[in-house]
Each structure stands twice: as structure tokens, then as C-alpha cells.
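Containing compact mmCIF, C-alpha atoms and all ligand atoms: structure04.txt.
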# COMPACT_ATOMS: atom_id res chain seq x y z
CA MET I 39 109.38 92.75 101.40
CA GLU I 40 109.84 93.54 97.75
CA GLU I 41 112.60 91.64 95.96
CA ARG I 42 115.85 93.56 95.62
CA ARG I 43 117.33 93.65 92.12
CA VAL I 44 120.95 93.92 91.14
CA LEU I 45 122.59 94.24 87.71
CA ILE I 46 126.01 92.60 87.43
CA THR I 47 127.99 93.28 84.25
CA GLY I 48 130.68 90.82 83.22
CA CYS I 49 128.52 88.13 84.81
CA ALA I 50 130.06 85.30 82.77
CA GLY I 51 133.59 86.23 83.79
CA PHE I 52 135.69 85.04 86.69
CA LEU I 53 134.77 87.71 89.26
CA GLY I 54 131.33 88.54 87.84
CA SER I 55 130.15 84.94 88.10
CA HIS I 56 131.27 84.62 91.72
CA LEU I 57 129.46 87.87 92.53
CA CYS I 58 126.28 86.55 90.89
CA ASP I 59 126.51 83.47 93.11
CA ARG I 60 126.84 85.63 96.19
CA PHE I 61 123.87 87.87 95.37
CA VAL I 62 121.66 84.93 94.47
CA LYS I 63 122.61 83.40 97.81
CA GLU I 64 121.69 86.65 99.56
CA GLY I 65 118.21 86.41 98.01
CA TYR I 66 118.53 89.05 95.28
CA GLU I 67 117.03 88.94 91.84
CA VAL I 68 120.19 89.08 89.70
CA ILE I 69 120.38 90.37 86.14
CA GLY I 70 123.65 89.25 84.63
CA MET I 71 124.97 91.03 81.54
CA ASP I 72 127.89 89.96 79.36
CA ASN I 73 128.93 90.22 75.72
CA LEU I 74 130.86 86.94 76.07
CA ILE I 75 134.08 88.24 74.52
CA THR I 76 136.18 87.01 77.39
CA GLY I 77 133.41 85.59 79.57
CA ASP I 78 132.17 82.03 79.27
CA LEU I 79 128.58 80.86 79.76
CA SER I 80 129.83 77.72 81.49
CA ASN I 81 130.67 79.95 84.49
CA ILE I 82 126.98 80.74 85.00
CA GLU I 83 125.39 77.60 83.60
CA HIS I 84 124.29 76.57 87.09
CA LEU I 85 122.58 79.96 87.54
CA LEU I 86 120.60 79.83 84.31
CA LYS I 87 118.26 77.34 86.00
CA SER I 88 117.63 79.67 88.93
CA GLU I 89 114.46 81.77 88.99
CA GLN I 90 116.48 84.51 90.67
CA PHE I 91 118.82 84.86 87.71
CA GLU I 92 118.35 86.32 84.25
CA PHE I 93 121.01 86.56 81.53
CA HIS I 94 121.23 89.49 79.10
CA HIS I 95 123.66 89.11 76.19
CA HIS I 96 124.76 92.69 75.66
CA ASP I 97 127.82 94.89 75.20
CA VAL I 98 127.67 97.64 77.84
CA ALA I 99 129.70 99.99 75.65
CA LYS I 100 126.36 100.37 73.80
CA TYR I 101 123.26 101.90 75.40
CA VAL I 102 122.13 99.71 78.28
CA HIS I 103 118.44 99.07 78.76
CA VAL I 104 117.12 97.18 81.78
CA PRO I 105 113.36 97.14 82.38
CA GLY I 106 112.06 97.56 85.94
CA ASP I 107 113.66 98.77 89.13
CA LEU I 108 117.27 98.33 90.15
CA ASP I 109 118.73 98.69 93.62
CA TYR I 110 122.37 98.07 92.77
CA ILE I 111 124.68 97.91 89.78
CA LEU I 112 128.08 96.21 89.84
CA HIS I 113 130.25 96.95 86.81
CA PHE I 114 132.62 94.02 86.37
CA ALA I 115 132.74 93.78 82.58
CA SER I 116 136.28 94.17 81.23
CA PRO I 117 139.09 92.09 79.86
CA ALA I 118 141.56 91.77 82.72
CA SER I 119 144.73 90.13 81.47
CA PRO I 120 147.64 91.66 79.55
CA ILE I 121 147.17 89.14 76.72
CA ASP I 122 143.57 90.30 76.30
CA TYR I 123 144.53 93.98 76.21
CA LEU I 124 146.93 93.30 73.37
CA LYS I 125 144.32 91.42 71.37
CA ILE I 126 141.34 93.70 72.03
CA PRO I 127 142.72 97.10 73.06
CA ILE I 128 139.81 99.21 71.77
CA GLN I 129 137.15 97.06 73.47
CA THR I 130 139.21 97.24 76.66
CA LEU I 131 139.18 101.03 76.49
CA LYS I 132 135.50 101.21 75.63
CA VAL I 133 134.07 98.96 78.30
CA SER I 134 135.51 100.98 81.19
CA SER I 135 134.91 104.39 79.61
CA LEU I 136 131.77 104.29 77.43
CA GLY I 137 130.46 101.28 79.35
CA THR I 138 130.94 103.00 82.71
CA HIS I 139 129.23 106.11 81.36
CA ASN I 140 126.21 104.10 80.24
CA LEU I 141 125.98 102.33 83.59
CA LEU I 142 126.32 105.55 85.59
CA GLY I 143 123.50 106.96 83.49
CA LEU I 144 121.43 103.87 84.17
CA ALA I 145 122.16 104.11 87.91
CA LYS I 146 121.05 107.73 87.87
CA ALA I 147 117.84 106.93 85.97
CA LYS I 148 116.99 104.05 88.33
CA ASN I 149 118.19 105.78 91.48
CA ALA I 150 120.44 102.78 92.07
CA ARG I 151 123.75 102.55 93.91
CA ILE I 152 126.64 101.60 91.64
CA LEU I 153 129.96 99.91 92.44
CA VAL I 154 132.65 99.91 89.76
CA ALA I 155 135.54 97.47 89.57
CA SER I 156 138.77 99.38 89.51
CA THR I 157 142.19 97.87 89.87
CA SER I 158 145.65 98.05 91.38
CA GLU I 159 146.73 98.86 87.81
CA VAL I 160 145.71 102.47 88.50
CA TYR I 161 148.95 102.56 90.52
CA GLY I 162 150.93 101.39 87.46
CA ASP I 163 154.51 100.38 88.30
CA PRO I 164 154.26 101.83 91.80
CA LEU I 165 156.94 103.99 93.38
CA VAL I 166 155.21 103.73 96.76
CA HIS I 167 155.10 100.39 98.57
CA PRO I 168 152.73 99.03 99.73
CA GLN I 169 150.13 100.97 97.76
CA THR I 170 147.73 103.12 99.75
CA GLU I 171 144.62 104.64 98.20
CA GLU I 172 146.28 108.08 98.42
CA TYR I 173 149.03 107.14 95.95
CA TYR I 174 148.38 108.61 92.46
CA GLY I 175 150.27 105.99 90.50
CA ASN I 176 152.99 105.69 87.89
CA VAL I 177 151.28 104.70 84.64
CA ASN I 178 152.52 104.75 81.06
CA PRO I 179 149.44 105.85 79.07
CA ILE I 180 150.71 104.55 75.73
CA GLY I 181 152.33 101.29 76.84
CA PRO I 182 150.69 97.88 76.26
CA ARG I 183 148.84 98.12 79.59
CA GLY I 184 147.78 101.73 79.00
CA VAL I 185 144.47 100.74 77.40
CA TYR I 186 143.41 99.04 80.61
CA ASP I 187 145.11 101.25 83.18
CA GLU I 188 143.95 104.54 81.68
CA ALA I 189 140.41 103.32 81.05
CA LYS I 190 140.21 102.32 84.71
CA ARG I 191 141.61 105.68 85.81
CA PHE I 192 139.06 107.46 83.61
CA GLN I 193 136.38 105.19 85.08
CA GLU I 194 137.27 106.35 88.58
CA ALA I 195 137.22 110.03 87.51
CA LEU I 196 133.83 109.64 85.83
CA THR I 197 132.38 107.76 88.77
CA MET I 198 133.54 110.40 91.25
CA ALA I 199 132.15 113.14 89.00
CA TYR I 200 128.71 111.48 89.00
CA HIS I 201 129.00 111.23 92.76
CA THR I 202 129.92 114.86 93.37
CA PHE I 203 127.93 116.49 90.55
CA HIS I 204 124.79 114.34 90.53
CA GLY I 205 124.92 113.08 94.13
CA LEU I 206 124.86 109.50 92.84
CA GLU I 207 125.61 106.73 95.34
CA THR I 208 128.89 105.29 94.04
CA ARG I 209 131.52 102.85 95.29
CA ILE I 210 134.97 102.14 93.82
CA VAL I 211 136.90 98.98 94.61
CA ARG I 212 140.58 98.73 93.63
CA ILE I 213 141.12 95.04 93.10
CA PHE I 214 144.57 93.47 93.46
CA ASN I 215 145.58 90.15 91.89
CA THR I 216 142.82 87.67 92.61
CA TYR I 217 142.61 83.96 91.85
CA GLY I 218 140.32 80.99 92.21
CA PRO I 219 138.10 78.59 90.28
CA ARG I 220 136.74 79.83 86.90
CA MET I 221 139.83 81.76 85.92
CA ARG I 222 140.54 81.13 82.28
CA LEU I 223 143.28 78.57 81.97
CA ASN I 224 144.88 80.23 78.96
CA ASP I 225 144.44 83.93 79.58
CA GLY I 226 148.16 84.40 80.25
CA ARG I 227 147.82 85.35 83.89
CA VAL I 228 150.48 83.85 86.04
CA LEU I 229 148.49 81.52 88.26
CA PRO I 230 146.55 79.64 85.57
CA ALA I 231 149.69 79.76 83.40
CA PHE I 232 151.79 77.97 86.04
CA ILE I 233 149.10 75.48 87.03
CA GLY I 234 148.32 74.71 83.35
CA GLN I 235 152.02 74.20 82.63
CA ALA I 236 152.39 71.90 85.63
CA LEU I 237 149.36 69.83 84.61
CA ARG I 238 150.57 69.53 81.00
CA GLY I 239 154.04 68.51 82.13
CA GLU I 240 155.66 71.66 80.73
CA ASP I 241 158.33 73.81 82.32
CA LEU I 242 157.08 76.86 84.22
CA THR I 243 157.81 80.15 82.45
CA VAL I 244 159.00 82.86 84.80
CA PHE I 245 159.23 86.29 83.13
CA GLY I 246 162.32 88.36 83.89
CA ASP I 247 164.38 87.24 86.87
CA GLY I 248 161.21 86.45 88.83
CA LYS I 249 162.06 88.98 91.52
CA GLN I 250 158.95 91.03 90.75
CA THR I 251 156.29 90.61 93.41
CA ARG I 252 152.53 90.16 93.50
CA SER I 253 150.06 89.60 96.34
CA PHE I 254 147.34 87.07 95.59
CA CYS I 255 143.84 87.19 97.06
CA TYR I 256 141.45 84.24 97.02
CA VAL I 257 138.20 85.05 95.23
CA ASP I 258 135.85 84.39 98.19
CA ASP I 259 137.75 86.94 100.28
CA LEU I 260 137.48 89.48 97.48
CA VAL I 261 133.72 88.92 97.05
CA GLU I 262 133.21 89.45 100.78
CA GLY I 263 135.15 92.72 100.64
CA ILE I 264 133.15 93.94 97.65
CA TYR I 265 129.85 93.03 99.30
CA ARG I 266 130.81 94.96 102.43
CA LEU I 267 131.98 97.97 100.41
CA LEU I 268 128.71 98.07 98.45
CA MET I 269 126.72 98.06 101.70
CA SER I 270 128.94 100.72 103.29
CA ASP I 271 128.51 104.47 102.86
CA TYR I 272 132.07 105.08 101.67
CA ALA I 273 132.42 106.64 98.20
CA ALA I 274 136.20 107.01 97.84
CA PRO I 275 138.25 104.11 96.39
CA VAL I 276 139.10 101.17 98.66
CA ASN I 277 141.87 98.60 98.08
CA ILE I 278 140.74 95.01 98.38
CA GLY I 279 143.47 92.41 98.17
CA ASN I 280 145.65 90.11 100.21
CA PRO I 281 148.83 91.80 101.46
CA ASP I 282 150.72 88.47 101.57
CA GLU I 283 153.40 89.38 99.01
CA ILE I 284 155.57 86.85 97.14
CA THR I 285 158.10 86.96 94.31
CA ILE I 286 157.02 85.29 91.10
CA LEU I 287 159.99 82.92 91.34
CA ASP I 288 158.98 81.76 94.83
CA PHE I 289 155.43 81.46 93.58
CA ALA I 290 156.56 79.16 90.75
CA GLU I 291 158.31 76.97 93.31
CA GLU I 292 155.15 76.87 95.44
CA VAL I 293 153.12 75.71 92.44
CA ILE I 294 155.65 72.97 91.65
CA LYS I 295 155.49 71.76 95.25
CA LEU I 296 151.70 71.92 95.36
CA THR I 297 151.23 70.03 92.11
CA ASN I 298 153.81 67.48 93.16
CA THR I 299 155.46 67.63 89.76
CA SER I 300 159.11 67.79 88.82
CA GLN I 301 158.92 70.62 86.28
CA LYS I 302 161.82 72.96 85.84
CA ILE I 303 161.57 76.74 85.88
CA ILE I 304 162.65 78.49 82.70
CA PHE I 305 163.15 82.22 82.30
CA LYS I 306 161.63 84.39 79.55
CA ASP I 307 161.76 88.10 78.76
CA LEU I 308 159.88 90.41 81.10
CA PRO I 309 156.93 92.01 79.27
CA LYS I 310 157.09 95.79 78.81
CA ASP I 311 155.87 97.88 81.77
CA ASP I 312 155.45 94.81 83.97
CA PRO I 313 155.13 96.26 87.50
CA LEU I 314 158.08 95.34 89.74
CA GLN I 315 156.15 95.18 92.97
CA ARG I 316 152.57 95.14 94.10
CA GLN I 317 151.09 94.87 97.56
CA PRO I 318 147.88 96.42 98.84
CA ASP I 319 147.76 98.52 101.97
CA ILE I 320 144.40 97.41 103.35
CA ALA I 321 144.22 99.65 106.42
CA LYS I 322 141.20 101.42 104.97
CA ALA I 323 139.28 98.20 104.25
CA LYS I 324 140.05 97.00 107.78
CA GLU I 325 138.90 100.21 109.35
CA ILE I 326 135.85 101.02 107.26
CA LEU I 327 134.63 97.54 106.33
CA ASN I 328 136.11 95.51 109.15
CA TRP I 329 137.45 93.30 106.36
CA SER I 330 140.64 91.34 105.98
CA PRO I 331 141.39 88.20 103.95
CA GLN I 332 140.73 84.90 105.71
CA ILE I 333 142.01 82.35 103.22
CA SER I 334 145.73 81.63 103.07
CA ARG I 335 147.54 81.16 99.78
CA ALA I 336 148.16 77.49 100.64
CA GLU I 337 144.44 76.90 101.14
CA GLY I 338 143.30 78.92 98.14
CA LEU I 339 145.88 77.42 95.80
CA LYS I 340 144.81 73.92 96.75
CA ILE I 341 141.13 74.67 95.96
CA THR I 342 142.11 76.32 92.67
CA PHE I 343 144.43 73.50 91.66
CA ASP I 344 141.71 70.91 92.37
CA TYR I 345 139.35 72.94 90.17
CA PHE I 346 141.75 73.02 87.22
CA LYS I 347 142.52 69.33 87.68
CA SER I 348 138.81 68.50 87.52
CA LEU I 349 138.37 70.14 84.10
CA PRO I 350 138.12 67.82 81.07
CA GLU I 351 141.59 67.09 79.74
CA ASP I 352 141.13 68.92 76.45
CA ALA I 353 140.53 72.17 78.37
CA LEU I 354 144.20 72.04 79.28
CA PHE I 355 145.27 72.17 75.67
CA LYS I 356 142.55 74.32 74.19
CA GLU I 357 143.28 77.94 73.30
CA HIS I 358 140.44 80.02 74.63
CA ASN I 359 138.15 80.63 71.66
CA THR I 360 137.18 84.13 72.72
CA PHE I 361 138.71 86.01 69.87
CA GLU I 362 137.49 83.76 67.09
CA LYS I 363 133.96 84.39 68.34
CA PHE I 364 134.55 88.09 68.21
CA ASN I 365 134.81 89.47 64.72
CA LYS I 366 133.97 93.15 64.97
N1 LIG B 401 154.32 85.95 84.70
C1 LIG B 401 155.31 84.99 84.61
N2 LIG B 401 155.06 83.88 83.84
C2 LIG B 401 153.89 83.67 83.17
C3 LIG B 401 152.88 84.66 83.26
C4 LIG B 401 153.15 85.80 84.04
O1 LIG B 401 156.40 85.10 85.20
O2 LIG B 401 153.75 82.64 82.47
C5 LIG B 401 154.59 87.14 85.53
C6 LIG B 401 154.27 88.49 84.87
O3 LIG B 401 155.37 88.95 84.12
C7 LIG B 401 153.99 89.36 86.09
C8 LIG B 401 153.39 88.38 87.10
O4 LIG B 401 153.72 87.08 86.64
O5 LIG B 401 155.19 89.87 86.63
C9 LIG B 401 151.86 88.50 87.22
O6 LIG B 401 151.34 88.51 85.91
P1 LIG B 401 149.78 88.51 85.59
O7 LIG B 401 149.65 88.62 84.13
O8 LIG B 401 149.14 87.35 86.27
O9 LIG B 401 149.18 89.79 86.32
P2 LIG B 401 149.63 91.32 86.44
O10 LIG B 401 150.99 91.52 85.81
O11 LIG B 401 148.56 92.08 85.76
O12 LIG B 401 149.68 91.51 87.90
Spell out the structure here as C-alpha cells.
Amino acid sequence: MEERRVLITGCAGFLGSHLCDRFVKEGYEVIGMDNLITGDLSNIEHLLKSEQFEFHHHDVAKYVHVPGDLDYILHFASPASPIDYLKIPIQTLKVSSLGTHNLLGLAKAKNARILVASTSEVYGDPLVHPQTEEYYGNVNPIGPRGVYDEAKRFQEALTMAYHTFHGLETRIVRIFNTYGPRMRLNDGRVLPAFIGQALRGEDLTVFGDGKQTRSFCYVDDLVEGIYRLLMSDYAAPVNIGNPDEITILDFAEEVIKLTNTSQKIIFKDLPKDDPLQRQPDIAKAKEILNWSPQISRAEGLKITFDYFKSLPEDALFKEHNTFEKFNK
């Protein structure tokens, strides 16, 4: 049988790198693409030695050229934390709009099936709970998160248009908060923030009163859901996430317990447009993909904590150097 080839954008990022691992394991030839703004080569260092893996340093917002055949494309390039959106708002907009357009064009030219990474952020600060795929969302287009949320909403519209107008094989996954090894320690997201603070002996910063909720999915569960969605014949968006919802305050207490530290919790201002509640309705994923998360938060947190603990000590104190590297 001829080797199957897949292009994974954002391959040096948290989710992209785990997807590369999965496709290499499944026997694919994997082309990983990343402009390394927020990605880190150390996430795919182990893959660079593999004959099944090839790295292309490229910004997908510019024309994307990949020689040879492609069976699948997975578009996972995008900054994904509120701190990043504030620092690189234009790049955030471009990667999910211009970048998606380029990749849809590539998929069409190669007759490949494409899966794009969308997000629970398309629901904004949701007025429906839990969020089903039918809910249209409550998004502020010009708030600090607008550059991400609206680019992802546009991405979905463009992807569906290629599906209906060109008959392209497309898949859309709406990803809810996901965690696991290879998250950036200093990207501002709550899980690495809390674990980093605990390991440095600092107090844990809860924003607002901590009553806002999130539902955290372990990365291996997410990758399984994405793999199943790609192989399915379902073109409409599907939520993938863990419905086990928790308040941020309770989550901070869980991290303190897990890390066996005696840090206090301190309260800071809630960022603008911070969603009050978020929980995926995964009925569709269960029905269509026969998928549901298998890894409990206790289990997943332990693995993730052990990962962060195993990093060299200076990683704990280092600001991520992403933005110094990027000077355009
Ligand atoms: N958060 C917090 N302390 C932190 C970082 C984040 O209380 O040090 C809160 C944040 O305000 C939000 C939740 O944790 O309500 C999840 O934030 P994150 O940035 O991880 O993801 P998102 O808001 O995109 O779900």
C-alpha cells in the first residue's frame, strides 16, 4: 500500500505536536509546518529523527506549497491563549483567516480531506449551558478575545463554504479547554499558570471571584476525538472536550493539593470578556464518533504536573521567548 501523507500545521505547538505523534504512530508520513512564533521545536525534537516526519518552517498566512500528494490536512496553527492574542493580534487574525484560505485551496488542489481546529471560543461568553453545536454564541467582535474568536468563526464559515460550494471533504472540531504535557509554562493559561506558581512557591492568582467555570480535557482524549472525527464522514462542527466542569477557585485548590504545597490563593481582576461558564455538550461526539473522554482530571493533572516538574529549573522562571524572536 502506498504511504498516506498528512500535513499538520502548528506542528511545534501543544496540540499540533501531539497530533504529529499520533499520525506517525499510525504509520503516516507526516509533514509538520510551523512558523515558530508560539510553537517550540523542542516539542517535536524527537520526531525530527524519524523518517516519517519532515519539518517545514513556514507561515501559513502566506501561500503554502507542499510537493507531492496529500491525503489529509490538519490546521492547528494559531496562538491560543489570551496573552498571545494581546501581543500578536494581527497574526492571530491572519492565521485562521488567510491561513485557512490557503490550506483550503491546498486541500482542493490535492484532493485532500481537511480538518480545521475551531474552538469553544466561537460560543463567546455563552448564554446557553452546556454548549451544544447548535448554539450561535455570544461574542464581542472588538474585545481583546475578538481577534481569536472572530477569526475562528470566519474559519468555520470559509470551511463550510468550501464544503458546500466546492464539495471539499471538510471537518470542524470545536475544542474546549485542553491540557497536558508540552503546554507552554508561561502562556498565561490557567493550568500552567497555577502549576508554575506552585512550583516556584508563589501564591496562586485566581482572576475575579473564581466562580467562573471551565471543563478541562486531557490531551490524549482530545487527540483520539480528533482522529475519529477526521476518519468520520461528518462535516458539521463537533464539540470535543471533557464535560467535567469545575470553578476556577476549586481548580486552584485541587492544584495546591496535588502539588502538596502550602501556597495561598490571591484574587486579581477578571480580564475583560472572560467567559463565566464553559462546558461542552458532547452528545454529538458520543453518537457520531462513539467518543467520550477516558482520563479523569486527577489522572491527567498528575501526568501534567510530573511533566512540568521534570523540566529544567530555569524553564520555570524563563519568559517564553516567542515574541523576541518575532520582529515583523
Ligand atoms: N485564570 C485565573 N488565573 C490565572 C490565569 C487564568 O484565574 O493565573 C482564569 C481566567 O480568568 C479564566 C480561566 O482561568 O477564567 C481560564 O483561563 P485560560 O486563559 O486558561 O483559558 P480561557 O479563558 O481561554 O478558557
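The space separating atom CA of Met71 of chain I from atom O12 of ligand LIG 401 (chain B) comes to 25.5 Å.
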Counting all atoms listed in the file, find the residues whose atoms lie at most 10 Å from (148.5, 108.3, 93.0) (file coordinates) and write them out as a PyMOL selection string.
-> chain I and resi 160-162+164-166+169-177
Any idea what's packed within 9 Å of Ala273 of chain I, counting only C-alpha atoms, ignoring anything in its chain fewer than 3 positions away? Could you give it as an NGL selection string?
-> :I and (198 or 201 or 207-210 or 267 or 270 or 276)
Please give the centre and size of the box around segment 78-83 of chain I (axis-aligned, containing every atom listed in the file, 5 Å added per side), with values in Å to one decimal and written as AutoDock Vina command-line options.
--center_x 128.8 --center_y 79.8 --center_z 82.1 --size_x 16.8 --size_y 14.4 --size_z 15.7
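Between atom CA of Ile264 of chain I and atom CA of Val211 of chain I the separation is 7.0 Å.
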